[in-house]
2 protein chains.
Amino acid sequence: MDQLITGDFQANGEAYEPKTLVDGAYRQLRRDIIEGRHAPGTKLRVEHLKDAYEVGAGTLREALALLVSDSLVVAQGQRGFRVAPISLADLEDITRTRVMLESEALRQSIDNGDEAWEGNLVSAFHLLTRAEEKLAGDLDGSVNEWEDRNRVFHETLIGACNSRWIRHFLAILYRQSERYRRISVLNRPVPQDVHEEHEQIFKAVIARDADEACRLLSGHIWRAFHTVSAVPELALESASRKVANGR
Amino acid sequence: MDQLITGDFQANGEAYEPKTLVDGAYRQLRRDIIEGRHAPGTKLRVEHLKDAYEVGAGTLREALALLVSDSLVVAQGQRGFRVAPISLADLEDITRTRVMLESEALRQSIDNGDEAWEGNLVSAFHLLTRAEEKLAGDLDGSVNEWEDRNRVFHETLIGACNSRWIRHFLAILYRQSERYRRISVLNRPVPQDVHEEHEQIFKAVIARDADEACRLLSGHIWRAFHTVSAVPELALESASRKVANGR
DNA sequence: TCAACGTTTTTTCTCGAGATTTTTGGCTTT
DNA sequence: AAAGCCAAAAATCTCGAGAAAAAACGTTGA
């Protein structure tokens, strides 16, 4: 299978070697936006960024256009690109929509999943558990590892869902969520309870109890929302203010 | 409010004046793909298309990148762009996902909608009815008008849904559906029953009967799926074959 | 002090040409 | 005849410079 340039999750977690400069710039930019190095609402000036990412202006423009796919960047005709703004209302919308889609996807996954899928899930859960242990041990740089494995775990949960469109939309929403979560993680580390939540979800899925699994998953996603919304509004407010100022 | 370049529906149905060449090429290309002038699976050669759309190569590339947002175009690293392929399985997935999202959206819309929204809906239904009369009269060029007004009607139905993300996803799915519908319309005109279905949905919504409205809407969308799937598979098959051939 | 206006500066948008990769087509060999 | 290989052709990808638009800034006048 060819390498398609899309925002979807990759089937395997292997390292991805960008085939073109556009693709490389696209991935770097996406990462920098999600991890907050480009603050929400700020302008993305091509002249400035092309040096930072070491590509031509046209190349960078194309990468930015691709990022519009993921709703991480918005384009305003004749006035350039800017990082998609954030707000608490938006996060609530993301959360609600994600709960709806992810519940449906999990249900389908539990229905369709074979033993190979179960195996993948066991593996993903194990790796996530290890990452959570390291996180408690407060090792530096383990946050990125946790983020990766958390993503893979959620991705694997719905991996046997046979609706490509639901998975596509969830990939977009997950990235959006990650952006908000990164902000809240700066102030407060991942709570202890999260591991227990993951474990409960894992057990319910293995037991093929769809109702219980969806109930737990919904609670899990909503709890993440409340964690972020409890963060001093400064982060969200300042972002909005930048947008209001228009620069 | 500024003009954002996104694939979402516009709030008003007014004519849109493209602000940049990229934007213009994007809209023209989108239309040509949806209406089947670029067959599913075919390669989109920049060298060839830049003349047809009268823009530079870089500009066209950027427009193509924007079309990836809508999943109407897929990019393969180092091997250019091509029109997103179609298949019956894909249409079924689109339909199922759309039913789920559109039901939820309609429910929210019925809950939230004020009288202004009701007014818009009455207007949209009236215009659609007129278009359907013309269609029965077999006037040429009325298909495009019907498509427009059908889109506006569905758009208005969920217009009072306050989830921006659901509306965003539905806009994408609607465009995909339209693509399939255009193929089936070539062989068979819009069935008579469709008008009656629209009327029933309209009445249920005005009566604020969410359950009944969703039931009717789901049936309506699924019926469209069955209409397309009844079409001689030739259109879908040939498209798939082109993809398999890789050119 | 404030508002309006015209100039300067910055930034976006666009194009054409060159380098790299993929694809095509023909040729040889088994 | 089929498979493999090499050269030619086409297409993609990339860059830098120039035109058009928007934003910033200082000046003038009330």
# chains A, B, ... in the order shown; residues from 1 in each chain; ligands from 1
$ residues_around --residues "range 74-86 of chain A" --least-positions-apart "2" --cutoff "6 Å" --atoms "only C-alpha atoms (C1' of nucleotides)" --output "list in words"
Pro40, Gly41, Thr42, Lys43, Leu44, Val68 and Leu72 of chain A; Leu4, Ile5 and Lys19 of chain B
$ interface_residues --of "chain D" --to "chain A" --cutoff "12 Å" --atoms "only C-alpha atoms (C1' of nucleotides)" --output "VMD selection string"
chain D and resid 12 to 17 20 to 23
$ interface_residues --of "chain C" --to "chain A" --cutoff "12 Å" --atoms "only C-alpha atoms (C1' of nucleotides)" --output "ChimeraX atom specification"
/C:10-15,20-21
$ closest_residue --among "B:Gln192, B:Ser163, B:Asn150, B:Ser142" --to "chain A" --atoms "only C-alpha atoms"
B:Ser163
$ select_by_dssp --residues "range 92-201 of chain B" --states "alpha helix (DSSP H)" --output "ChimeraX atom specification"
/B:92-112,115-136,142-157,164-187,193-201
$ write_last_selection --atoms "C-alpha atoms" --output "mmCIF file, in the first residue's frame"
data_model
loop_
_atom_site.group_PDB
_atom_site.id
_atom_site.type_symbol
_atom_site.label_atom_id
_atom_site.label_comp_id
_atom_site.auth_asym_id
_atom_site.auth_seq_id
_atom_site.Cartn_x
_atom_site.Cartn_y
_atom_site.Cartn_z
ATOM 1 C CA GLU B 92 -22.797 2.736 2.631
ATOM 2 C CA ASP B 93 -20.304 3.964 5.198
ATOM 3 C CA ILE B 94 -21.027 7.572 4.275
ATOM 4 C CA THR B 95 -24.750 6.938 4.542
ATOM 5 C CA ARG B 96 -24.584 5.221 7.898
ATOM 6 C CA THR B 97 -22.351 7.894 9.392
ATOM 7 C CA ARG B 98 -24.446 10.641 7.917
ATOM 8 C CA VAL B 99 -27.651 9.193 9.341
ATOM 9 C CA MET B 100 -26.107 9.096 12.784
ATOM 10 C CA LEU B 101 -24.786 12.644 12.673
ATOM 11 C CA GLU B 102 -27.728 14.188 10.888
ATOM 12 C CA SER B 103 -30.212 12.642 13.305
ATOM 13 C CA GLU B 104 -28.326 14.038 16.251
ATOM 14 C CA ALA B 105 -28.028 17.418 14.549
ATOM 15 C CA LEU B 106 -31.727 17.523 13.697
ATOM 16 C CA ARG B 107 -32.630 16.693 17.275
ATOM 17 C CA GLN B 108 -30.507 19.562 18.554
ATOM 18 C CA SER B 109 -31.888 21.832 15.893
ATOM 19 C CA ILE B 110 -35.476 21.088 16.868
ATOM 20 C CA ASP B 111 -34.588 21.727 20.505
ATOM 21 C CA ASN B 112 -32.779 25.000 19.891
ATOM 22 C CA GLU B 115 -38.926 31.282 15.030
ATOM 23 C CA ALA B 116 -36.375 32.847 12.708
ATOM 24 C CA TRP B 117 -35.088 29.348 12.021
ATOM 25 C CA GLU B 118 -38.622 28.144 11.356
ATOM 26 C CA GLY B 119 -38.969 30.974 8.887
ATOM 27 C CA ASN B 120 -35.823 29.987 7.059
ATOM 28 C CA LEU B 121 -37.044 26.428 6.896
ATOM 29 C CA VAL B 122 -40.411 27.396 5.451
ATOM 30 C CA SER B 123 -38.599 29.420 2.832
ATOM 31 C CA ALA B 124 -36.135 26.662 1.975
ATOM 32 C CA PHE B 125 -38.926 24.114 1.680
ATOM 33 C CA HIS B 126 -40.939 26.381 -0.562
ATOM 34 C CA LEU B 127 -38.028 26.949 -2.941
ATOM 35 C CA LEU B 128 -37.288 23.249 -2.992
ATOM 36 C CA THR B 129 -40.915 22.493 -3.820
ATOM 37 C CA ARG B 130 -40.814 24.906 -6.751
ATOM 38 C CA ALA B 131 -37.616 23.320 -8.007
ATOM 39 C CA GLU B 132 -39.203 19.889 -7.795
ATOM 40 C CA GLU B 133 -42.162 21.087 -9.860
ATOM 41 C CA LYS B 134 -39.784 22.375 -12.514
ATOM 42 C CA LEU B 135 -37.914 19.101 -12.432
ATOM 43 C CA ALA B 136 -41.134 17.207 -13.127
ATOM 44 C CA SER B 142 -33.162 22.650 -13.455
ATOM 45 C CA VAL B 143 -31.110 19.800 -11.990
ATOM 46 C CA ASN B 144 -28.461 22.168 -10.716
ATOM 47 C CA GLU B 145 -31.118 24.361 -9.178
ATOM 48 C CA TRP B 146 -32.697 21.372 -7.513
ATOM 49 C CA GLU B 147 -29.319 20.252 -6.144
ATOM 50 C CA ASP B 148 -28.705 23.716 -4.714
ATOM 51 C CA ARG B 149 -32.077 23.965 -3.061
ATOM 52 C CA ASN B 150 -31.983 20.414 -1.794
ATOM 53 C CA ARG B 151 -28.659 21.222 -0.165
ATOM 54 C CA VAL B 152 -30.009 24.422 1.350
ATOM 55 C CA PHE B 153 -33.045 22.551 2.691
ATOM 56 C CA HIS B 154 -30.948 19.915 4.423
ATOM 57 C CA GLU B 155 -28.558 22.600 5.591
ATOM 58 C CA THR B 156 -31.394 24.620 7.085
ATOM 59 C CA LEU B 157 -32.861 21.584 8.817
ATOM 60 C CA ARG B 164 -19.945 23.430 14.842
ATOM 61 C CA TRP B 165 -18.106 20.121 14.527
ATOM 62 C CA ILE B 166 -21.149 18.073 13.634
ATOM 63 C CA ARG B 167 -22.090 20.632 11.019
ATOM 64 C CA HIS B 168 -18.546 20.582 9.695
ATOM 65 C CA PHE B 169 -18.508 16.815 9.324
ATOM 66 C CA LEU B 170 -21.963 16.791 7.776
ATOM 67 C CA ALA B 171 -20.862 19.324 5.189
ATOM 68 C CA ILE B 172 -18.098 16.954 4.144
ATOM 69 C CA LEU B 173 -20.384 13.936 4.053
ATOM 70 C CA TYR B 174 -23.061 15.814 2.160
ATOM 71 C CA ARG B 175 -20.624 16.691 -0.594
ATOM 72 C CA GLN B 176 -19.553 13.088 -0.836
ATOM 73 C CA SER B 177 -23.179 11.972 -1.088
ATOM 74 C CA GLU B 178 -23.843 14.530 -3.781
ATOM 75 C CA ARG B 179 -21.050 13.026 -5.820
ATOM 76 C CA TYR B 180 -22.684 9.622 -5.788
ATOM 77 C CA ARG B 181 -26.111 11.076 -6.397
ATOM 78 C CA ARG B 182 -24.897 12.895 -9.506
ATOM 79 C CA ILE B 183 -23.876 9.573 -10.956
ATOM 80 C CA SER B 184 -27.255 7.993 -10.334
ATOM 81 C CA VAL B 185 -29.123 11.028 -11.628
ATOM 82 C CA LEU B 186 -27.452 10.579 -14.990
ATOM 83 C CA ASN B 187 -29.266 7.304 -15.430
ATOM 84 C CA ASP B 193 -41.552 10.137 -3.949
ATOM 85 C CA VAL B 194 -38.709 12.376 -2.902
ATOM 86 C CA HIS B 195 -40.917 15.422 -2.773
ATOM 87 C CA GLU B 196 -43.378 13.684 -0.528
ATOM 88 C CA GLU B 197 -40.555 12.607 1.756
ATOM 89 C CA HIS B 198 -39.337 16.172 2.019
ATOM 90 C CA GLU B 199 -42.826 17.350 2.832
ATOM 91 C CA GLN B 200 -43.278 14.764 5.587
ATOM 92 C CA ILE B 201 -39.957 15.690 7.135
#
$ atom_distance --atom1 "C1' of DC5 in chain D" --atom2 "C1' of DT30 in chain C"
13.2 Å
$ residues_around --residues "range 27-30 of chain D" --least-positions-apart "4" --cutoff "9 Å" --atoms "only C-alpha atoms (C1' of nucleotides)" --output "NGL selection string"
:C and (3-6)
$ write_last_selection --atoms "N, CA and C atoms (P, O5', C5', C4', C3', O3' and C1' of nucleotides)" --output "mmCIF file, in the first residue's frame"
data_model
loop_
_atom_site.group_PDB
_atom_site.id
_atom_site.type_symbol
_atom_site.label_atom_id
_atom_site.label_comp_id
_atom_site.auth_asym_id
_atom_site.auth_seq_id
_atom_site.Cartn_x
_atom_site.Cartn_y
_atom_site.Cartn_z
ATOM 1 P P DA C 3 -11.070 59.436 18.061
ATOM 2 O "O5'" DA C 3 -11.213 59.876 16.545
ATOM 3 C "C5'" DA C 3 -11.962 61.040 16.219
ATOM 4 C "C4'" DA C 3 -11.595 61.517 14.834
ATOM 5 C "C3'" DA C 3 -11.542 60.404 13.782
ATOM 6 O "O3'" DA C 3 -12.244 60.830 12.623
ATOM 7 C "C1'" DA C 3 -9.515 61.626 13.765
ATOM 8 P P DA C 4 -12.693 59.786 11.505
ATOM 9 O "O5'" DA C 4 -11.899 60.307 10.224
ATOM 10 C "C5'" DA C 4 -11.937 61.688 9.890
ATOM 11 C "C4'" DA C 4 -10.808 62.019 8.942
ATOM 12 C "C3'" DA C 4 -10.643 61.020 7.786
ATOM 13 O "O3'" DA C 4 -10.541 61.730 6.564
ATOM 14 C "C1'" DA C 4 -8.581 61.333 8.893
ATOM 15 P P DC C 5 -10.617 60.973 5.137
ATOM 16 O "O5'" DC C 5 -9.138 61.152 4.581
ATOM 17 C "C5'" DC C 5 -8.497 62.423 4.649
ATOM 18 C "C4'" DC C 5 -7.016 62.259 4.382
ATOM 19 C "C3'" DC C 5 -6.700 61.275 3.249
ATOM 20 O "O3'" DC C 5 -5.856 61.902 2.304
ATOM 21 C "C1'" DC C 5 -5.392 60.800 5.158
ATOM 22 P P DG C 6 -5.761 61.297 0.796
ATOM 23 O "O5'" DG C 6 -4.196 61.069 0.669
ATOM 24 C "C5'" DG C 6 -3.287 62.120 1.033
ATOM 25 C "C4'" DG C 6 -1.907 61.544 1.302
ATOM 26 C "C3'" DG C 6 -1.391 60.593 0.220
ATOM 27 O "O3'" DG C 6 -0.002 60.826 0.020
ATOM 28 C "C1'" DG C 6 -1.437 59.472 2.283
#
$ closest_residue --among "A:Ala52, A:Ser71, A:Gln28, A:Gly36" --to "chain B" --atoms "only C-alpha atoms"
A:Ser71
$ residues_around --residues "Ser69 in chain B" --least-positions-apart "4" --cutoff "8 Å" --atoms "only C-alpha atoms (C1' of nucleotides)" --output "ChimeraX atom specification"
/A:66,68-70 /B:7,65
$ write_last_selection --atoms "C-alpha atoms" --output "CSV table (one decimal), in the first residue's frame"
chain,number,residue,atom,x,y,z
A,66,LEU,CA,-2.9,20.7,4.0
A,68,VAL,CA,-6.6,23.2,7.0
A,69,SER,CA,-7.8,19.6,6.5
A,70,ASP,CA,-7.3,19.0,10.2
B,7,GLY,CA,-15.3,23.5,3.0
B,65,ALA,CA,-4.1,20.5,-1.2
